[in-house]
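This report refers to the structure that appears directly beneath it.
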Amino acid sequence: MSKIAVIDYDAGNTLSVIKALEYLGENVELSRSPEVLRGCGKVIFPGVGAYFDAMSRLREYGLVDIIRELVDNDIPFLGICLGMQLLFDQSEETIGADAANGSIEGLHLLKGGVKRFTPVKDLKIPHMGWNSINIENTSSRLFKALPENPFVYFVHSYYLEAANRSDVAATCDYGVRFDCAVERGNLFGCQFHPEKSGDIGLEILKNFCRL
């Protein structure tokens, strides 16, 4: 069994992810060591918190280049929540940054940007709790054998707008229709938290582990 790495950069919901993987019987290691990450068969990139702070920590720990190397080398790579958002070009979130810049650069691994939710009617921000998703890519490996419009668990105040519609695996509606999962080659992302999404989430993680 190949080991699964969970990237440790002090910005992830790592304990819940690790527990979910261990429940599935996977061999998992939390690490920020390039050597360890290179030696694993799959990598999960979780994240909660502010975009600017997360990118600052990735640079501080020297993880930007190793993340790009893993993706370039076709290692199955899954970003969760903020981890998915960081895969894209930029975010409108300016917490911790100079707001005059207008946006914060991400990892540029996928084309698109992260937008700020605009409050609509009685919908609260952050978008928190269970919501159904619309599986757009019926050939998705991440969503293989899932029921139509499954419910998953979200916690976020910013949402993804992917530039390439072919990268979008699923969307969700919350005042605005946004892209909540992406899939391109070996690169995957979920805005929602599969590790907190019950049996559906475990099935998504299992599909990733079986790649």
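Quick note on naming: the chains in the structure tokens go A, B, ... in the order shown, residues restart at 1 in each chain, and ligands are numbered from 1 in order of appearance.
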Query raised in the report: Using the chain letters and numbers from this document, which residues of segment 54-123 of chain A does DSSP assign to strand (DSSP E or B), as a list in words?
Result: Phe77, Leu78, Gly79, Ile80, Gln90, Ser91, Ile104, Glu105, Gly112, Gly113, Val114, Lys115 and Arg116 of chain A
Do you have, as a Markdown table, the list of residues of segment 14-58 of chain A lying at most 12 Å from segment 133-156 of chain A, each with its nearest atom pair and that distance in Å to one decimal, counting only C-alpha atoms and ordered by chain then number?
| residue | atom | partner | partner_atom | distance |
| --- | --- | --- | --- | --- |
| A:Gly47 | CA | A:His156 | CA | 11.0 |
| A:Val48 | CA | A:His156 | CA | 8.7 |
| A:Gly49 | CA | A:His156 | CA | 9.2 |
| A:Ala50 | CA | A:His156 | CA | 10.5 |
| A:Tyr51 | CA | A:His156 | CA | 11.6 |
Query raised in the report: Using only C-alpha atoms, which residue out of A:Ala170, A:Asp179, A:Asn131, A:Asp72 lies closest to Val114 of chain A?
Result: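 Using only C-alpha atoms, Val114 of chain A sits closest to A:Asp179.
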Query - Non-local contacts of Lys124 of chain A (12 Å; only C-alpha atoms; under 2 positions in same chain excluded) as a PyMOL selection string - result: chain A and resi 117-122+126-129+155-157+174-175
Query raised in the report: What lies within 12 Å of Lys206 of chain A using only C-alpha atoms, ignoring chain neighbours under 5 positions off, as a list in words?
Result: Ile4, Ala20, Leu21, Glu22, Tyr23, Leu24, Gly25, Glu26, Arg141, Leu142, Phe143, Lys144, Ala145, Leu146, Pro194, Glu195, Asp199, Ile200, Gly201 and Leu211 of chain A
Query - Atom-to-atom span, atom CA of Leu70 of chain A and atom CA of Glu35 of chain A, Å - result: 11.3 Å
For Met55 of chain A: contacts at 9 Å, only C-alpha atoms, fewer than 2 positions along chain excluded, given as a compact mmCIF listing (two decimals) with all heavy atoms, in the first residue's frame:
# COMPACT_ATOMS: atom_id res chain seq x y z
N ALA A 50 -7.08 32.15 6.18
CA ALA A 50 -6.92 33.24 5.22
C ALA A 50 -5.97 32.86 4.09
O ALA A 50 -4.93 32.25 4.31
CB ALA A 50 -6.41 34.49 5.92
N TYR A 51 -6.33 33.26 2.89
CA TYR A 51 -5.56 32.95 1.67
C TYR A 51 -4.14 33.52 1.76
O TYR A 51 -3.16 32.82 1.49
CB TYR A 51 -6.30 33.56 0.48
CG TYR A 51 -5.99 32.97 -0.87
CD1 TYR A 51 -6.82 32.01 -1.44
CD2 TYR A 51 -4.90 33.42 -1.62
CE1 TYR A 51 -6.56 31.50 -2.70
CE2 TYR A 51 -4.64 32.91 -2.87
CZ TYR A 51 -5.48 31.94 -3.42
OH TYR A 51 -5.21 31.44 -4.67
N PHE A 52 -4.03 34.79 2.13
CA PHE A 52 -2.72 35.44 2.21
C PHE A 52 -1.82 34.73 3.21
O PHE A 52 -0.64 34.45 2.93
CB PHE A 52 -2.89 36.91 2.60
CG PHE A 52 -1.59 37.63 2.81
CD1 PHE A 52 -0.89 38.17 1.74
CD2 PHE A 52 -1.06 37.79 4.09
CE1 PHE A 52 0.32 38.83 1.94
CE2 PHE A 52 0.14 38.45 4.29
CZ PHE A 52 0.83 38.97 3.22
N ASP A 53 -2.34 34.43 4.39
CA ASP A 53 -1.54 33.76 5.41
C ASP A 53 -1.08 32.38 4.94
O ASP A 53 0.05 31.96 5.20
CB ASP A 53 -2.34 33.62 6.71
CG ASP A 53 -2.57 34.96 7.40
OD1 ASP A 53 -1.85 35.93 7.07
OD2 ASP A 53 -3.46 35.04 8.26
N ARG A 57 2.77 31.05 4.44
CA ARG A 57 3.35 29.88 5.08
C ARG A 57 3.93 28.90 4.06
O ARG A 57 4.98 28.29 4.30
CB ARG A 57 2.31 29.20 5.97
CG ARG A 57 2.11 29.90 7.31
CD ARG A 57 1.27 29.06 8.24
NE ARG A 57 -0.13 29.08 7.85
CZ ARG A 57 -1.03 29.94 8.33
NH1 ARG A 57 -0.66 30.86 9.20
NH2 ARG A 57 -2.27 29.89 7.94
N LEU A 58 3.26 28.75 2.93
CA LEU A 58 3.80 27.87 1.89
C LEU A 58 5.17 28.35 1.44
O LEU A 58 6.09 27.54 1.25
CB LEU A 58 2.84 27.81 0.70
CG LEU A 58 1.51 27.08 0.92
CD1 LEU A 58 0.64 27.19 -0.34
CD2 LEU A 58 1.73 25.61 1.28
N ARG A 59 5.32 29.66 1.30
CA ARG A 59 6.62 30.21 0.91
C ARG A 59 7.64 30.07 2.04
O ARG A 59 8.80 29.70 1.81
CB ARG A 59 6.47 31.68 0.51
CG ARG A 59 5.62 31.90 -0.74
CD ARG A 59 5.67 33.34 -1.21
NE ARG A 59 4.80 33.57 -2.36
CZ ARG A 59 3.58 34.05 -2.28
NH1 ARG A 59 3.08 34.41 -1.10
NH2 ARG A 59 2.84 34.21 -3.36
N GLU A 60 7.20 30.33 3.27
CA GLU A 60 8.10 30.22 4.42
C GLU A 60 8.66 28.81 4.56
O GLU A 60 9.85 28.63 4.87
CB GLU A 60 7.34 30.61 5.69
CG GLU A 60 8.15 30.47 6.97
CD GLU A 60 7.32 30.73 8.22
OE1 GLU A 60 6.16 31.18 8.10
OE2 GLU A 60 7.85 30.47 9.33
N VAL A 64 6.12 25.74 -2.05
CA VAL A 64 5.57 26.10 -3.36
C VAL A 64 6.18 25.26 -4.46
O VAL A 64 5.47 24.67 -5.30
CB VAL A 64 5.77 27.61 -3.63
CG1 VAL A 64 5.38 27.94 -5.08
CG2 VAL A 64 4.94 28.44 -2.66
N LEU A 86 -6.21 27.63 -3.29
CA LEU A 86 -4.81 28.01 -3.50
C LEU A 86 -4.24 27.45 -4.81
O LEU A 86 -3.22 27.95 -5.30
CB LEU A 86 -3.95 27.51 -2.33
CG LEU A 86 -4.22 28.20 -0.98
CD1 LEU A 86 -3.56 27.42 0.15
CD2 LEU A 86 -3.74 29.64 -0.98
N ILE A 104 -4.83 38.49 -4.26
CA ILE A 104 -3.62 37.80 -3.80
C ILE A 104 -3.33 36.66 -4.75
O ILE A 104 -4.23 35.89 -5.11
CB ILE A 104 -3.82 37.25 -2.38
CG1 ILE A 104 -4.23 38.37 -1.42
CG2 ILE A 104 -2.55 36.56 -1.88
CD1 ILE A 104 -4.77 37.86 -0.11
N GLU A 105 -2.10 36.52 -5.18
CA GLU A 105 -1.74 35.46 -6.12
C GLU A 105 -1.69 34.11 -5.42
O GLU A 105 -1.22 33.98 -4.29
CB GLU A 105 -0.38 35.76 -6.75
CG GLU A 105 -0.43 36.84 -7.81
CD GLU A 105 0.80 36.82 -8.68
OE1 GLU A 105 1.17 35.74 -9.18
OE2 GLU A 105 1.38 37.90 -8.86
N GLY A 106 -2.18 33.08 -6.15
CA GLY A 106 -2.12 31.71 -5.68
C GLY A 106 -1.00 30.94 -6.36
O GLY A 106 0.00 31.52 -6.80
N LEU A 107 -1.20 29.63 -6.52
CA LEU A 107 -0.16 28.76 -7.05
C LEU A 107 -0.17 28.66 -8.57
O LEU A 107 0.76 28.11 -9.16
CB LEU A 107 -0.30 27.35 -6.46
CG LEU A 107 0.00 27.25 -4.96
CD1 LEU A 107 -0.48 25.91 -4.41
CD2 LEU A 107 1.49 27.43 -4.69
Requested in this report: Using DSSP on the backbone coordinates, identify the residues of segment 58-111 of chain A assigned to helix (DSSP H, G or I); present them as a list of chain:residue names.
Outcome: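 Here is the list: A:Leu58, A:Arg59, A:Glu60, A:Val64, A:Asp65, A:Ile66, A:Ile67, A:Arg68, A:Glu69, A:Leu70, A:Val71, A:Asp72, A:Leu82, A:Gly83, A:Met84, A:Gln85, A:Ala99, A:Ala100, A:Asn101.
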Report task. Find the residue from A:Cys172, A:Phe188, A:Tyr61, A:Asn27 that sits nearest to Asn207 of chain A; use only C-alpha atoms when measuring. Result -> A:Phe188
Query raised in the report: Skipping near chain neighbours, those fewer than 6 positions away, what residues fall within 8 Å of Leu30 of chain A using only C-alpha atoms, listed as JSON, numbers by chain?
Result: {"A": [5, 6, 7, 8, 14, 18]}
Query - Surrounding residues of Leu78 of chain A excluding itself and chain neighbours under 2 positions, 8 Å, only C-alpha atoms, as a VMD selection string - result: chain A and resid 43 to 45 76 80 84 187 to 190 208
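Taking atom CA of Lys19 of chain A and atom CA of Gly39 of chain A as endpoints, the distance between them is 20.9 Å.
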Requested in this report: May I ask for the distance between atom CA of Ser31 of chain A and atom CA of Leu63 of chain A, given in Å to one decimal place?
Outcome: 10.7 Å
**Report entry** Among listed residues A:Glu203, A:Glu183, A:Asp74, A:Asp89, nearest Ala163 of chain A (using only C-alpha atoms)
**Finding:**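 Between A:Glu203, A:Glu183, A:Asp74, A:Asp89, the residue approaching Ala163 of chain A most closely is A:Asp89.
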Query raised in the report: Which one of A:Arg165, A:His193, A:Tyr159, A:Gly62 sits closest to Leu205 of chain A if you count only C-alpha atoms?
Result: A:His193
**Report entry** Nearest to Gly79 of chain A, chosen from A:Val182, A:Leu160, A:Cys40, A:Val176, with only C-alpha atoms counted in the distances
**Finding:**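 For Gly79 of chain A, the nearest of the given residues is A:Val182.
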Query raised in the report: Which of these residues is nearest to Glu93 of chain A, using only C-alpha atoms: A:Arg68, A:Ala54, A:Gly185, A:Asp167?
Result: A:Ala54
